[in-house]
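Worksheet: one structure, shown below.
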Amino acid sequence: MYRYVNERHNRIRVLLLFGALLVASERLRGEEVLETLETTVVEAIRIELSEEDAPYSIYSLTGADFEKTLSRNVVESLEGQPGVSVQKTSNGQGSPYLRGFTGYRTLSTIDGVRYNNSVYRDGPNEYFSLIDSQSISGFELIQGPGSVLYGSDAIGGTLNLQTKSSDYILEDGYYAHGSQAYRYGSAENSHLFRTELQLGEGGKWGLQLGYSCKEFGDVDAASLGVQPKTGYGEQAWDARFDMVLNQNWSMTLVHQGLTQDDVWRTHSTIYAKSFKGTEVGSDLSRLKDQQRSLNYLRFLGEYIQPWLDQVSLTLSYQAWDEDGQRQRSNKKSLSEYFHSRMIGVDLEMLSNVGQHILSYGVDFYRDNVDSGRVDYNADGSVDRVRIQGPVGDDSTYDLLGLYAQDLIELSDRTDVILGGRYTYARASIGRYEDPVSRKPAAYDGNWHNLVASVRAVHDLDNSGVWKAWGGLSQSFRAPNIADLSRYGGSRSDEIEIAATNLKSEKFLTGEIGLKAVEEKYQLTASYYYTFVDDYITSTPTRNMREGLNEVTKRNSAEGFIQGVEIAGSYELAEGWRLLGNVTWLDGELESFVDSSSSETLVEPMSRLMPLTLNAAVRWTSGDEKIWAELGCLFADKADKLSSRDKEDTQRIPPSGTPGYTLVHLRGGYKVNDHLDLTLGVENILDEAYRVHGSGSNEPGLGMVFGARASF
């Protein structure tokens with residue numbers, strides 16, 4: 001296994017951890033515990049524990065936090081979180097990197113329902129942008145491996161998004177509420193409208209309805225100027241119905257829908273603008289339309305039997321449609337699509353037995369995928385109808401999992417969580433283009449994975465304020481339909497072909513951490529090291545296809561990724577609070593030089609997040625009607641590049657992505673019980689910048705205004 005870790009980074013890691021532990025020891029020696037802050041129960045770990053009691057790195061945001069940051073979408077709401085970097089291939093397509101992993105190595109769920117489908121691609125993708133942040137009441141980000149709980153893909157982290165409800169349990173009698181919200185961003189000339197309605201009968205039933213309409217203009221990227229073809233339109237709608245059936249059972253029915261129109265991947269087109277030496281693409285156009293919907297029905301029972309405290313049965317159906325058009329410089333063009341229809345069944349149970357809290361269940365998801373592509377000549381006539389679209393046609397992908405988790409109270413100060421999961425994955429591809437014969441071929445394969453984890457948390461001072469935690473967890477990712485059968489454009493000058501001889505990726509992560517929650521301060525600090533085995537990477541074949549470099553998937557040898565995350569806040573004086581976090585990341589991967597060679601190359605993990613620091617000072621008035629925040633984000637230069645990073649010339653500058661410093665000033669005023677106003681000045685230094693690996697720059701100096709009127 002790897003032993004050659006950069007000495008400079010090693011020193012940084014040691015200093016950061018030493019500093020966190022020093023602060024901890026001083027607090028323990030010199031301060032009397034006063035009163036802990038209000039706790040938040042974490043749902044995503046399938047056992048009800050507060051954030052400070054859970055042996056994980058957990059970061060959560062509420063709807064109120066969304067309104068403070070005035071984020072455009074779910075992806076941007078993650079910006080500034082420890083261990084998170086948000087890559088954007090385009091303004092309408094964003095992908096979070098969690099502890100160095102992105103795409104199908106991070107998992108998202110909506111109220112616990114699996115969001116990832118089988119056409120998720122390697123590297124950054126746009127699918128996080130297809131969730132309307134206005135329909136979300138908050139989220140829980142569980143950093144690190146979660147395969148024991150959720151199966152394949154939960155490697156870098158798991159993001160559990162919570163849908164808005166009418167909160168009918170808190171109401172009395174019949175009720176009806178509503179709100180109208182508006183957001184304006186000057187640096188992208190964007191307008192967002194949100195209408196909501198809640199009605200029901202307190203304690204019996206409730207209905208939440210919402211509609212969002214968004215128009216985003218072209219981004220004004222400071223000295224780079226206005227970036228053409230970066231604007232797009234989006235509409236979304238959502239509904240949630242909750243009802244108490246009897247004293248033991250309740251029901252929830254949820255619907256979400258979203259459409260995006262004309263989202264350009266500008267970096268590969270002639271409309272791109274060079275940034276610090278990046279190349280401008282040659283495509284005359286490249287854009288996508290997206291449609292997505294989710295429906296689920298859940299029955300929740302409590303205290304059903306003496307041995308069964310809770311049972312939840314969820315039936316879900318998710319539909320995704322993607323339509324893409326691309327015109328090359330020679331005026332030849334293509335039109336491609338995929339349709340994904342995923343059904344899910346999730347049975348989860350919870351039992352309290354003596355000193356044990358058992359969480360166990362079974363889940364099953366089947367994704368049905370159709371795909372197609374038509375190539376056109378320069379005069380618009382049909383050249384040929386392809387065998388497949390971006391992924392194999394007439395495909396199915398199954399994931400079946402059985403899991404169990406046991407929380408054991410070893411003592412009044414120590415808890416241990418043991419868990420295990422068995423997963424069966426199967427892919428059946430009806431039609432894909434054989435890379436050699438270029439004729440139709442079929443494929444059927446399956447994988448079996450067994451993973452386990454052990455985690456523990458210990459109360460250091462016997463007061464519940466300072467706690468140490470650690471864990472050792474396995475995780476995995478089975479090859480999906482995109483791995484096995486992808487055909488189409490990859491990075492700047494690449495085209496990817498099918499690869500049907502793939503094994504599951506395997507990961508082993510060790511973590512240690514420290515937490516403190518007290519009235520005046522909060523602190524979390526963690527260090528993790530992940531061993532990587534059979535990592536699936538796009539590997540050059542040394543062939544040319546359609547004028548592009550041909551690549552295919554292959555299981556690489558091994559590698560590692562490690563990092564440090566420290567986050568905290570401190571009450572400076574009444575109404576004044578200092579907040580901040582720091583992230584350091586390092587990783588290497590041994591991969592094959594090409595698809596047929598046994599020669600390997602050791603190099604940095606692709607698109608590694610640079611050293612990043614966030615800091616802010618926030619003031620809140622005594623009556624909590626007014627607040628203001630001055631914040632700063634610093635990202636170091638991202639110059640640890642893999643060979644494929646260096647070849648991604650349209651997105652990554654030749655010497656790496658420059659570092660940047662962002663300053664913002666935000667504030668809000670609660671005029672009365674029915675009107676809230678928020679105003680922010682973003683990127684005050686008007687710095688031209690892009691997040692590492694992105695295809696377009698972020699907005700320069702601009703104002704963001706938000707208002708919410710309710711009745």
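How things are named: the first chain in the structure tokens is A, the next is B, and so on; residues count from 1 in each chain; ligands count from 1 in the order shown.
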
Can you write out as a Markdown table which residues of stretch 116-152 of chain A fall within 12 Å of stretch 81-84 of chain A, alongside each residue's closest atom pair and its distance in Å to one decimal, counting only C-alpha atoms and ordering rows by chain and ascending residue number?
```
| residue | atom | partner | partner_atom | distance |
| --- | --- | --- | --- | --- |
| A:Glu140 | CA | A:Gln81 | CA | 11.4 |
| A:Leu141 | CA | A:Gln81 | CA | 9.2 |
| A:Ile142 | CA | A:Gly83 | CA | 10.8 |
| A:Gln143 | CA | A:Gly83 | CA | 7.9 |
| A:Gly144 | CA | A:Gly83 | CA | 9.8 |
```

Using only C-alpha atoms, determine which residues lie at most 9 Å from A:Gln93, disregarding the query and same-chain residues fewer than 3 positions distant; provide the list as a PDB file with N, CA, C and O atoms, in the first residue's frame.
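Output (result.pdb):
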```pdb
ATOM      1  N   VAL A  75     -26.803  22.368  -5.177  1.00  0.00           N
ATOM      2  CA  VAL A  75     -25.348  22.258  -5.279  1.00  0.00           C
ATOM      3  C   VAL A  75     -24.676  23.452  -4.614  1.00  0.00           C
ATOM      4  O   VAL A  75     -23.735  23.303  -3.820  1.00  0.00           O
ATOM      5  N   GLN A  87     -17.858  21.532  -8.210  1.00  0.00           N
ATOM      6  CA  GLN A  87     -17.423  21.700  -9.592  1.00  0.00           C
ATOM      7  C   GLN A  87     -18.635  21.990 -10.474  1.00  0.00           C
ATOM      8  O   GLN A  87     -19.706  21.418 -10.281  1.00  0.00           O
ATOM      9  N   LYS A  88     -18.453  22.871 -11.450  1.00  0.00           N
ATOM     10  CA  LYS A  88     -19.534  23.195 -12.381  1.00  0.00           C
ATOM     11  C   LYS A  88     -19.013  23.119 -13.809  1.00  0.00           C
ATOM     12  O   LYS A  88     -18.239  23.968 -14.238  1.00  0.00           O
ATOM     13  N   THR A  89     -19.461  22.087 -14.525  1.00  0.00           N
ATOM     14  CA  THR A  89     -19.131  22.017 -15.938  1.00  0.00           C
ATOM     15  C   THR A  89     -19.738  23.199 -16.671  1.00  0.00           C
ATOM     16  O   THR A  89     -19.157  23.741 -17.601  1.00  0.00           O
ATOM     17  N   SER A  90     -20.919  23.618 -16.237  1.00  0.00           N
ATOM     18  CA  SER A  90     -21.560  24.816 -16.768  1.00  0.00           C
ATOM     19  C   SER A  90     -22.365  25.455 -15.654  1.00  0.00           C
ATOM     20  O   SER A  90     -22.499  24.895 -14.561  1.00  0.00           O
ATOM     21  N   PRO A 124     -17.604  14.480 -12.594  1.00  0.00           N
ATOM     22  CA  PRO A 124     -18.707  15.409 -12.346  1.00  0.00           C
ATOM     23  C   PRO A 124     -19.881  15.161 -13.292  1.00  0.00           C
ATOM     24  O   PRO A 124     -19.699  14.844 -14.460  1.00  0.00           O
ATOM     25  N   ASN A 125     -21.079  15.297 -12.775  1.00  0.00           N
ATOM     26  CA  ASN A 125     -22.273  15.264 -13.619  1.00  0.00           C
ATOM     27  C   ASN A 125     -23.247  16.312 -13.124  1.00  0.00           C
ATOM     28  O   ASN A 125     -23.043  16.933 -12.085  1.00  0.00           O
ATOM     29  N   GLU A 126     -24.316  16.507 -13.882  1.00  0.00           N
ATOM     30  CA  GLU A 126     -25.225  17.614 -13.598  1.00  0.00           C
ATOM     31  C   GLU A 126     -26.418  17.237 -12.738  1.00  0.00           C
ATOM     32  O   GLU A 126     -27.292  18.071 -12.470  1.00  0.00           O
ATOM     33  N   TYR A 127     -26.484  16.008 -12.236  1.00  0.00           N
ATOM     34  CA  TYR A 127     -27.748  15.519 -11.697  1.00  0.00           C
ATOM     35  C   TYR A 127     -28.133  16.130 -10.351  1.00  0.00           C
ATOM     36  O   TYR A 127     -29.314  16.161  -9.997  1.00  0.00           O
ATOM     37  N   PHE A 128     -27.180  16.639  -9.582  1.00  0.00           N
ATOM     38  CA  PHE A 128     -27.540  17.333  -8.354  1.00  0.00           C
ATOM     39  C   PHE A 128     -28.345  18.597  -8.654  1.00  0.00           C
ATOM     40  O   PHE A 128     -29.122  19.057  -7.824  1.00  0.00           O
ATOM     41  N   SER A 129     -28.143  19.166  -9.842  1.00  0.00           N
ATOM     42  CA  SER A 129     -28.847  20.395 -10.201  1.00  0.00           C
ATOM     43  C   SER A 129     -30.311  20.149 -10.546  1.00  0.00           C
ATOM     44  O   SER A 129     -31.063  21.100 -10.761  1.00  0.00           O
ATOM     45  N   LEU A 130     -30.726  18.887 -10.601  1.00  0.00           N
ATOM     46  CA  LEU A 130     -32.106  18.564 -10.968  1.00  0.00           C
ATOM     47  C   LEU A 130     -32.996  18.400  -9.738  1.00  0.00           C
ATOM     48  O   LEU A 130     -34.096  17.858  -9.841  1.00  0.00           O
ATOM     49  N   VAL A 263     -29.704  24.014 -21.383  1.00  0.00           N
ATOM     50  CA  VAL A 263     -28.527  24.178 -20.534  1.00  0.00           C
ATOM     51  C   VAL A 263     -27.297  23.841 -21.373  1.00  0.00           C
ATOM     52  O   VAL A 263     -27.078  22.689 -21.743  1.00  0.00           O
ATOM     53  N   TRP A 264     -26.491  24.846 -21.676  1.00  0.00           N
ATOM     54  CA  TRP A 264     -25.325  24.671 -22.533  1.00  0.00           C
ATOM     55  C   TRP A 264     -24.126  24.154 -21.740  1.00  0.00           C
ATOM     56  O   TRP A 264     -23.919  24.542 -20.589  1.00  0.00           O
ATOM     57  N   ARG A 265     -23.339  23.301 -22.411  1.00  0.00           N
ATOM     58  CA  ARG A 265     -22.010  22.951 -21.911  1.00  0.00           C
ATOM     59  C   ARG A 265     -21.032  23.828 -22.689  1.00  0.00           C
ATOM     60  O   ARG A 265     -20.383  23.391 -23.658  1.00  0.00           O
TER      61      ARG A 265
END
```

Checklist entry - Quick one: residues within 6 Å of stretch 208-223 of chain A, only C-alpha atoms counted, chain neighbours fewer than 5 positions away excluded, as a ChimeraX atom specification? => result /A:165-166,187-198,228,230-240,686,688,697-700

Go ahead and write the residues just picked, N, CA, C and O atoms, as a compact mmCIF listing (two decimals), in the first residue's frame.
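Once everything was written out, this is result19.txt:
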```
# COMPACT_ATOMS: atom_id res chain seq x y z
N SER A 165 -42.75 19.96 4.43
CA SER A 165 -44.07 19.46 4.79
C SER A 165 -44.89 20.61 5.37
O SER A 165 -44.37 21.69 5.62
N SER A 166 -46.15 20.35 5.58
CA SER A 166 -47.03 21.40 6.12
C SER A 166 -46.95 21.51 7.64
O SER A 166 -47.60 22.38 8.23
N ALA A 187 -25.33 39.63 -10.90
CA ALA A 187 -24.17 39.22 -11.69
C ALA A 187 -24.52 38.17 -12.74
O ALA A 187 -23.69 37.86 -13.59
N GLU A 188 -25.71 37.62 -12.66
CA GLU A 188 -26.15 36.67 -13.68
C GLU A 188 -27.55 37.03 -14.19
O GLU A 188 -28.15 36.26 -14.94
N ASN A 189 -28.04 38.19 -13.76
CA ASN A 189 -29.37 38.66 -14.16
C ASN A 189 -30.41 37.55 -14.00
O ASN A 189 -31.14 37.21 -14.92
N SER A 190 -30.46 36.98 -12.80
CA SER A 190 -31.33 35.84 -12.55
C SER A 190 -32.54 36.24 -11.72
O SER A 190 -32.48 37.14 -10.88
N HIS A 191 -33.64 35.54 -11.97
CA HIS A 191 -34.89 35.77 -11.25
C HIS A 191 -35.46 34.42 -10.83
O HIS A 191 -35.58 33.50 -11.65
N LEU A 192 -35.81 34.30 -9.56
CA LEU A 192 -36.39 33.07 -9.02
C LEU A 192 -37.66 33.42 -8.27
O LEU A 192 -37.67 34.28 -7.40
N PHE A 193 -38.76 32.75 -8.64
CA PHE A 193 -40.04 32.94 -7.98
C PHE A 193 -40.47 31.62 -7.35
O PHE A 193 -40.33 30.55 -7.96
N ARG A 194 -41.00 31.68 -6.13
CA ARG A 194 -41.45 30.49 -5.43
C ARG A 194 -42.77 30.77 -4.75
O ARG A 194 -42.92 31.73 -3.97
N THR A 195 -43.77 29.92 -5.02
CA THR A 195 -45.09 30.02 -4.42
C THR A 195 -45.38 28.77 -3.62
O THR A 195 -45.16 27.66 -4.13
N GLU A 196 -45.85 28.93 -2.37
CA GLU A 196 -46.15 27.78 -1.52
C GLU A 196 -47.51 27.94 -0.87
O GLU A 196 -47.96 29.06 -0.59
N LEU A 197 -48.13 26.78 -0.61
CA LEU A 197 -49.42 26.74 0.10
C LEU A 197 -49.42 25.54 1.02
O LEU A 197 -49.05 24.43 0.62
N GLN A 198 -49.82 25.77 2.28
CA GLN A 198 -49.97 24.68 3.25
C GLN A 198 -51.39 24.73 3.82
O GLN A 198 -51.87 25.81 4.20
N PRO A 228 -21.09 34.09 -22.72
CA PRO A 228 -22.29 33.77 -23.52
C PRO A 228 -22.74 32.34 -23.30
O PRO A 228 -21.96 31.46 -22.94
N THR A 230 -24.49 30.89 -21.05
CA THR A 230 -24.46 30.29 -19.72
C THR A 230 -25.80 30.41 -19.00
O THR A 230 -25.96 29.90 -17.89
N GLY A 231 -26.76 31.08 -19.60
CA GLY A 231 -28.08 31.20 -19.00
C GLY A 231 -28.98 30.02 -19.38
O GLY A 231 -28.73 29.30 -20.34
N TYR A 232 -30.04 29.84 -18.62
CA TYR A 232 -30.99 28.76 -18.90
C TYR A 232 -32.27 29.00 -18.10
O TYR A 232 -32.34 29.89 -17.24
N GLY A 233 -33.29 28.20 -18.38
CA GLY A 233 -34.56 28.29 -17.66
C GLY A 233 -34.87 27.01 -16.92
O GLY A 233 -34.41 25.92 -17.30
N GLU A 234 -35.65 27.12 -15.85
CA GLU A 234 -36.00 25.95 -15.03
C GLU A 234 -37.35 26.16 -14.37
O GLU A 234 -37.69 27.27 -13.95
N GLN A 235 -38.14 25.10 -14.31
CA GLN A 235 -39.40 25.10 -13.58
C GLN A 235 -39.47 23.85 -12.71
O GLN A 235 -38.95 22.79 -13.09
N ALA A 236 -40.10 23.98 -11.55
CA ALA A 236 -40.22 22.84 -10.64
C ALA A 236 -41.51 22.95 -9.85
O ALA A 236 -42.00 24.06 -9.59
N TRP A 237 -42.05 21.81 -9.49
CA TRP A 237 -43.27 21.76 -8.70
C TRP A 237 -43.18 20.58 -7.73
O TRP A 237 -42.50 19.59 -7.99
N ASP A 238 -43.85 20.69 -6.61
CA ASP A 238 -43.77 19.64 -5.60
C ASP A 238 -45.03 19.62 -4.76
O ASP A 238 -45.73 20.64 -4.61
N ALA A 239 -45.31 18.46 -4.20
CA ALA A 239 -46.46 18.29 -3.31
C ALA A 239 -46.14 17.22 -2.29
O ALA A 239 -45.45 16.24 -2.60
N ARG A 240 -46.61 17.43 -1.07
CA ARG A 240 -46.45 16.42 -0.03
C ARG A 240 -47.72 16.37 0.80
O ARG A 240 -48.21 17.40 1.28
N ASP A 686 -14.41 41.36 -6.60
CA ASP A 686 -14.65 41.22 -8.04
C ASP A 686 -13.56 40.36 -8.68
O ASP A 686 -12.97 40.72 -9.71
N ALA A 688 -12.03 37.25 -10.72
CA ALA A 688 -12.34 36.28 -11.76
C ALA A 688 -11.79 34.92 -11.31
O ALA A 688 -10.58 34.78 -11.14
N ASN A 697 -16.47 30.17 -15.41
CA ASN A 697 -16.14 30.96 -14.23
C ASN A 697 -17.39 31.34 -13.45
O ASN A 697 -18.50 31.37 -13.98
N GLU A 698 -17.18 31.67 -12.19
CA GLU A 698 -18.26 32.07 -11.31
C GLU A 698 -18.52 33.58 -11.43
O GLU A 698 -17.67 34.32 -11.95
N PRO A 699 -19.67 34.06 -10.95
CA PRO A 699 -19.99 35.49 -11.06
C PRO A 699 -18.99 36.38 -10.33
O PRO A 699 -18.42 36.00 -9.31
N GLY A 700 -18.78 37.57 -10.88
CA GLY A 700 -17.97 38.58 -10.22
C GLY A 700 -18.79 39.33 -9.19
O GLY A 700 -19.77 38.80 -8.63
```

Quick one: everything within 10 Å of stretch 535-537 of chain A, counting only C-alpha atoms, minus sequence neighbours fewer than 3 positions away in the same chain. Send it as a compact mmCIF listing (two decimals) with all heavy atoms, in the first residue's frame.
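Printed below is out_30.txt as written:
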```txt
# COMPACT_ATOMS: atom_id res chain seq x y z
N ASP A 122 -19.04 8.68 -14.41
CA ASP A 122 -17.79 8.91 -13.70
C ASP A 122 -17.50 10.40 -13.70
O ASP A 122 -17.82 11.12 -14.64
CB ASP A 122 -16.67 8.15 -14.40
CG ASP A 122 -15.33 8.31 -13.70
OD1 ASP A 122 -15.32 8.64 -12.51
OD2 ASP A 122 -14.30 8.09 -14.36
N GLY A 123 -16.89 10.89 -12.62
CA GLY A 123 -16.54 12.30 -12.56
C GLY A 123 -17.76 13.18 -12.38
O GLY A 123 -18.86 12.72 -12.04
N PHE A 476 -18.19 0.26 -1.14
CA PHE A 476 -17.99 -0.32 -2.46
C PHE A 476 -18.86 0.42 -3.48
O PHE A 476 -19.77 1.18 -3.13
CB PHE A 476 -18.37 -1.81 -2.46
CG PHE A 476 -19.86 -2.04 -2.48
CD1 PHE A 476 -20.53 -2.28 -3.67
CD2 PHE A 476 -20.61 -1.98 -1.31
CE1 PHE A 476 -21.91 -2.46 -3.69
CE2 PHE A 476 -21.98 -2.17 -1.32
CZ PHE A 476 -22.64 -2.41 -2.51
N ARG A 477 -18.55 0.18 -4.73
CA ARG A 477 -19.41 0.65 -5.82
C ARG A 477 -19.38 -0.39 -6.93
O ARG A 477 -18.32 -0.72 -7.47
CB ARG A 477 -18.95 2.00 -6.36
CG ARG A 477 -19.99 2.65 -7.29
CD ARG A 477 -19.45 3.88 -7.96
NE ARG A 477 -18.41 3.56 -8.91
CZ ARG A 477 -18.62 3.13 -10.15
NH1 ARG A 477 -19.87 2.95 -10.58
NH2 ARG A 477 -17.62 2.87 -10.95
N ALA A 478 -20.54 -0.92 -7.25
CA ALA A 478 -20.65 -1.88 -8.34
C ALA A 478 -20.70 -1.12 -9.67
O ALA A 478 -21.26 -0.02 -9.74
CB ALA A 478 -21.91 -2.73 -8.17
N PRO A 479 -20.11 -1.68 -10.75
CA PRO A 479 -20.20 -1.01 -12.05
C PRO A 479 -21.66 -0.80 -12.45
O PRO A 479 -22.51 -1.67 -12.21
CB PRO A 479 -19.52 -2.01 -13.00
CG PRO A 479 -18.67 -2.87 -12.12
CD PRO A 479 -19.39 -2.95 -10.81
N ASP A 483 -20.84 2.83 -16.72
CA ASP A 483 -19.50 2.23 -16.77
C ASP A 483 -19.40 1.22 -17.90
O ASP A 483 -18.43 1.20 -18.66
CB ASP A 483 -19.20 1.49 -15.46
CG ASP A 483 -18.88 2.42 -14.32
OD1 ASP A 483 -18.11 3.36 -14.51
OD2 ASP A 483 -19.42 2.19 -13.23
N LEU A 502 -15.53 -5.46 -15.87
CA LEU A 502 -15.24 -4.62 -14.71
C LEU A 502 -15.65 -5.31 -13.41
O LEU A 502 -16.66 -6.03 -13.36
CB LEU A 502 -15.98 -3.28 -14.82
CG LEU A 502 -15.58 -2.37 -15.98
CD1 LEU A 502 -16.49 -1.14 -16.03
CD2 LEU A 502 -14.12 -1.94 -15.87
N LYS A 503 -14.86 -5.08 -12.37
CA LYS A 503 -15.17 -5.56 -11.03
C LYS A 503 -15.67 -4.40 -10.18
O LYS A 503 -15.54 -3.23 -10.55
CB LYS A 503 -13.91 -6.16 -10.39
CG LYS A 503 -13.31 -7.34 -11.13
CD LYS A 503 -12.07 -7.86 -10.42
CE LYS A 503 -10.91 -6.88 -10.54
NZ LYS A 503 -9.66 -7.42 -9.95
N SER A 504 -16.21 -4.71 -9.03
CA SER A 504 -16.65 -3.67 -8.10
C SER A 504 -15.44 -2.95 -7.50
O SER A 504 -14.41 -3.57 -7.23
CB SER A 504 -17.49 -4.26 -6.96
OG SER A 504 -18.71 -4.77 -7.43
N GLU A 505 -15.59 -1.65 -7.29
CA GLU A 505 -14.58 -0.89 -6.57
C GLU A 505 -14.72 -1.18 -5.08
O GLU A 505 -15.83 -1.34 -4.56
CB GLU A 505 -14.78 0.61 -6.80
CG GLU A 505 -14.65 1.03 -8.25
CD GLU A 505 -14.94 2.51 -8.43
OE1 GLU A 505 -15.83 3.04 -7.73
OE2 GLU A 505 -14.29 3.14 -9.27
N LYS A 506 -13.58 -1.17 -4.36
CA LYS A 506 -13.60 -1.46 -2.93
C LYS A 506 -12.81 -0.39 -2.18
O LYS A 506 -11.75 0.06 -2.64
CB LYS A 506 -13.03 -2.86 -2.65
CG LYS A 506 -13.85 -3.99 -3.26
CD LYS A 506 -13.27 -5.34 -2.94
CE LYS A 506 -12.04 -5.64 -3.77
NZ LYS A 506 -12.35 -5.82 -5.20
N PHE A 507 -13.31 -0.03 -1.00
CA PHE A 507 -12.71 1.03 -0.20
C PHE A 507 -12.73 0.63 1.27
O PHE A 507 -13.67 -0.04 1.73
CB PHE A 507 -13.47 2.35 -0.37
CG PHE A 507 -13.66 2.78 -1.79
CD1 PHE A 507 -14.69 2.28 -2.56
CD2 PHE A 507 -12.79 3.69 -2.37
CE1 PHE A 507 -14.87 2.67 -3.88
CE2 PHE A 507 -12.95 4.10 -3.68
CZ PHE A 507 -13.99 3.59 -4.44
N VAL A 532 -7.97 2.61 -1.42
CA VAL A 532 -8.74 2.43 -2.65
C VAL A 532 -8.22 1.20 -3.39
O VAL A 532 -7.01 1.05 -3.57
CB VAL A 532 -8.62 3.67 -3.56
CG1 VAL A 532 -9.42 3.48 -4.85
CG2 VAL A 532 -9.08 4.92 -2.82
N PRO A 540 -6.84 5.53 -21.60
CA PRO A 540 -6.66 5.67 -23.05
C PRO A 540 -6.47 4.32 -23.73
O PRO A 540 -5.83 3.41 -23.19
CB PRO A 540 -5.40 6.52 -23.17
CG PRO A 540 -5.24 7.19 -21.84
CD PRO A 540 -5.81 6.24 -20.84
N VAL A 551 -11.13 6.45 -25.10
CA VAL A 551 -10.86 5.95 -23.76
C VAL A 551 -11.90 4.90 -23.40
O VAL A 551 -12.98 4.85 -23.99
CB VAL A 551 -10.89 7.09 -22.70
CG1 VAL A 551 -9.82 8.12 -22.97
CG2 VAL A 551 -12.26 7.75 -22.64
N THR A 552 -11.55 4.05 -22.46
CA THR A 552 -12.48 3.05 -21.96
C THR A 552 -12.24 2.84 -20.48
O THR A 552 -11.20 3.22 -19.94
CB THR A 552 -12.32 1.72 -22.73
OG1 THR A 552 -13.37 0.82 -22.35
CG2 THR A 552 -10.98 1.07 -22.41
N LYS A 553 -13.19 2.26 -19.78
CA LYS A 553 -13.05 2.02 -18.35
C LYS A 553 -12.17 0.81 -18.08
O LYS A 553 -12.14 -0.16 -18.84
CB LYS A 553 -14.43 1.80 -17.73
CG LYS A 553 -15.32 3.04 -17.68
CD LYS A 553 -14.81 4.04 -16.69
CE LYS A 553 -15.85 5.07 -16.31
NZ LYS A 553 -16.40 5.84 -17.40
N ARG A 554 -11.46 0.87 -16.94
CA ARG A 554 -10.63 -0.24 -16.49
C ARG A 554 -10.45 -0.14 -14.99
O ARG A 554 -10.35 0.95 -14.44
CB ARG A 554 -9.27 -0.21 -17.20
CG ARG A 554 -8.36 -1.39 -16.84
CD ARG A 554 -7.10 -1.41 -17.68
NE ARG A 554 -6.25 -2.54 -17.29
CZ ARG A 554 -5.09 -2.84 -17.87
NH1 ARG A 554 -4.65 -2.11 -18.88
NH2 ARG A 554 -4.38 -3.88 -17.45
N ASN A 555 -10.43 -1.29 -14.30
CA ASN A 555 -10.13 -1.30 -12.87
C ASN A 555 -8.65 -1.02 -12.67
O ASN A 555 -7.79 -1.76 -13.14
CB ASN A 555 -10.46 -2.65 -12.25
CG ASN A 555 -11.95 -2.89 -12.12
OD1 ASN A 555 -12.53 -3.57 -12.95
ND2 ASN A 555 -12.55 -2.33 -11.09
N SER A 556 -8.34 0.09 -11.99
CA SER A 556 -6.96 0.42 -11.69
C SER A 556 -6.47 -0.43 -10.52
O SER A 556 -7.24 -1.20 -9.93
CB SER A 556 -6.83 1.90 -11.35
OG SER A 556 -7.19 2.70 -12.47
N ALA A 557 -5.22 -0.26 -10.17
CA ALA A 557 -4.64 -1.08 -9.10
C ALA A 557 -5.12 -0.60 -7.73
O ALA A 557 -6.09 -1.10 -7.19
CB ALA A 557 -3.12 -1.07 -9.20
N GLU A 558 -4.47 0.41 -7.18
CA GLU A 558 -4.81 0.82 -5.82
C GLU A 558 -4.42 2.27 -5.61
O GLU A 558 -3.76 2.89 -6.44
CB GLU A 558 -4.10 -0.06 -4.79
CG GLU A 558 -2.59 -0.06 -4.95
CD GLU A 558 -1.91 -1.03 -3.99
OE1 GLU A 558 -2.57 -1.99 -3.53
OE2 GLU A 558 -0.72 -0.81 -3.69
N GLY A 559 -4.82 2.82 -4.48
CA GLY A 559 -4.50 4.20 -4.18
C GLY A 559 -4.97 4.57 -2.79
O GLY A 559 -5.37 3.71 -1.99
N LEU A 589 -3.27 7.77 -6.90
CA LEU A 589 -3.86 6.60 -7.52
C LEU A 589 -2.84 5.98 -8.47
O LEU A 589 -2.21 6.68 -9.26
CB LEU A 589 -5.12 6.99 -8.29
CG LEU A 589 -5.89 5.83 -8.92
CD1 LEU A 589 -6.53 4.97 -7.83
CD2 LEU A 589 -6.97 6.36 -9.87
N GLU A 590 -2.69 4.67 -8.36
CA GLU A 590 -1.87 3.93 -9.31
C GLU A 590 -2.79 3.40 -10.40
O GLU A 590 -3.67 2.58 -10.14
CB GLU A 590 -1.16 2.77 -8.60
CG GLU A 590 -0.26 1.96 -9.52
CD GLU A 590 0.37 0.77 -8.82
OE1 GLU A 590 -0.03 0.48 -7.68
OE2 GLU A 590 1.25 0.14 -9.42
N SER A 591 -2.61 3.86 -11.62
CA SER A 591 -3.49 3.49 -12.72
C SER A 591 -2.69 3.00 -13.91
O SER A 591 -1.48 3.27 -14.02
CB SER A 591 -4.37 4.67 -13.13
OG SER A 591 -3.57 5.78 -13.48
N PHE A 592 -3.35 2.30 -14.80
CA PHE A 592 -2.67 1.76 -15.97
C PHE A 592 -2.45 2.85 -17.00
O PHE A 592 -3.27 3.75 -17.18
CB PHE A 592 -3.49 0.62 -16.57
CG PHE A 592 -3.55 -0.59 -15.68
CD1 PHE A 592 -4.68 -0.86 -14.92
CD2 PHE A 592 -2.47 -1.46 -15.59
CE1 PHE A 592 -4.74 -1.98 -14.10
CE2 PHE A 592 -2.52 -2.57 -14.77
CZ PHE A 592 -3.65 -2.83 -14.02
```
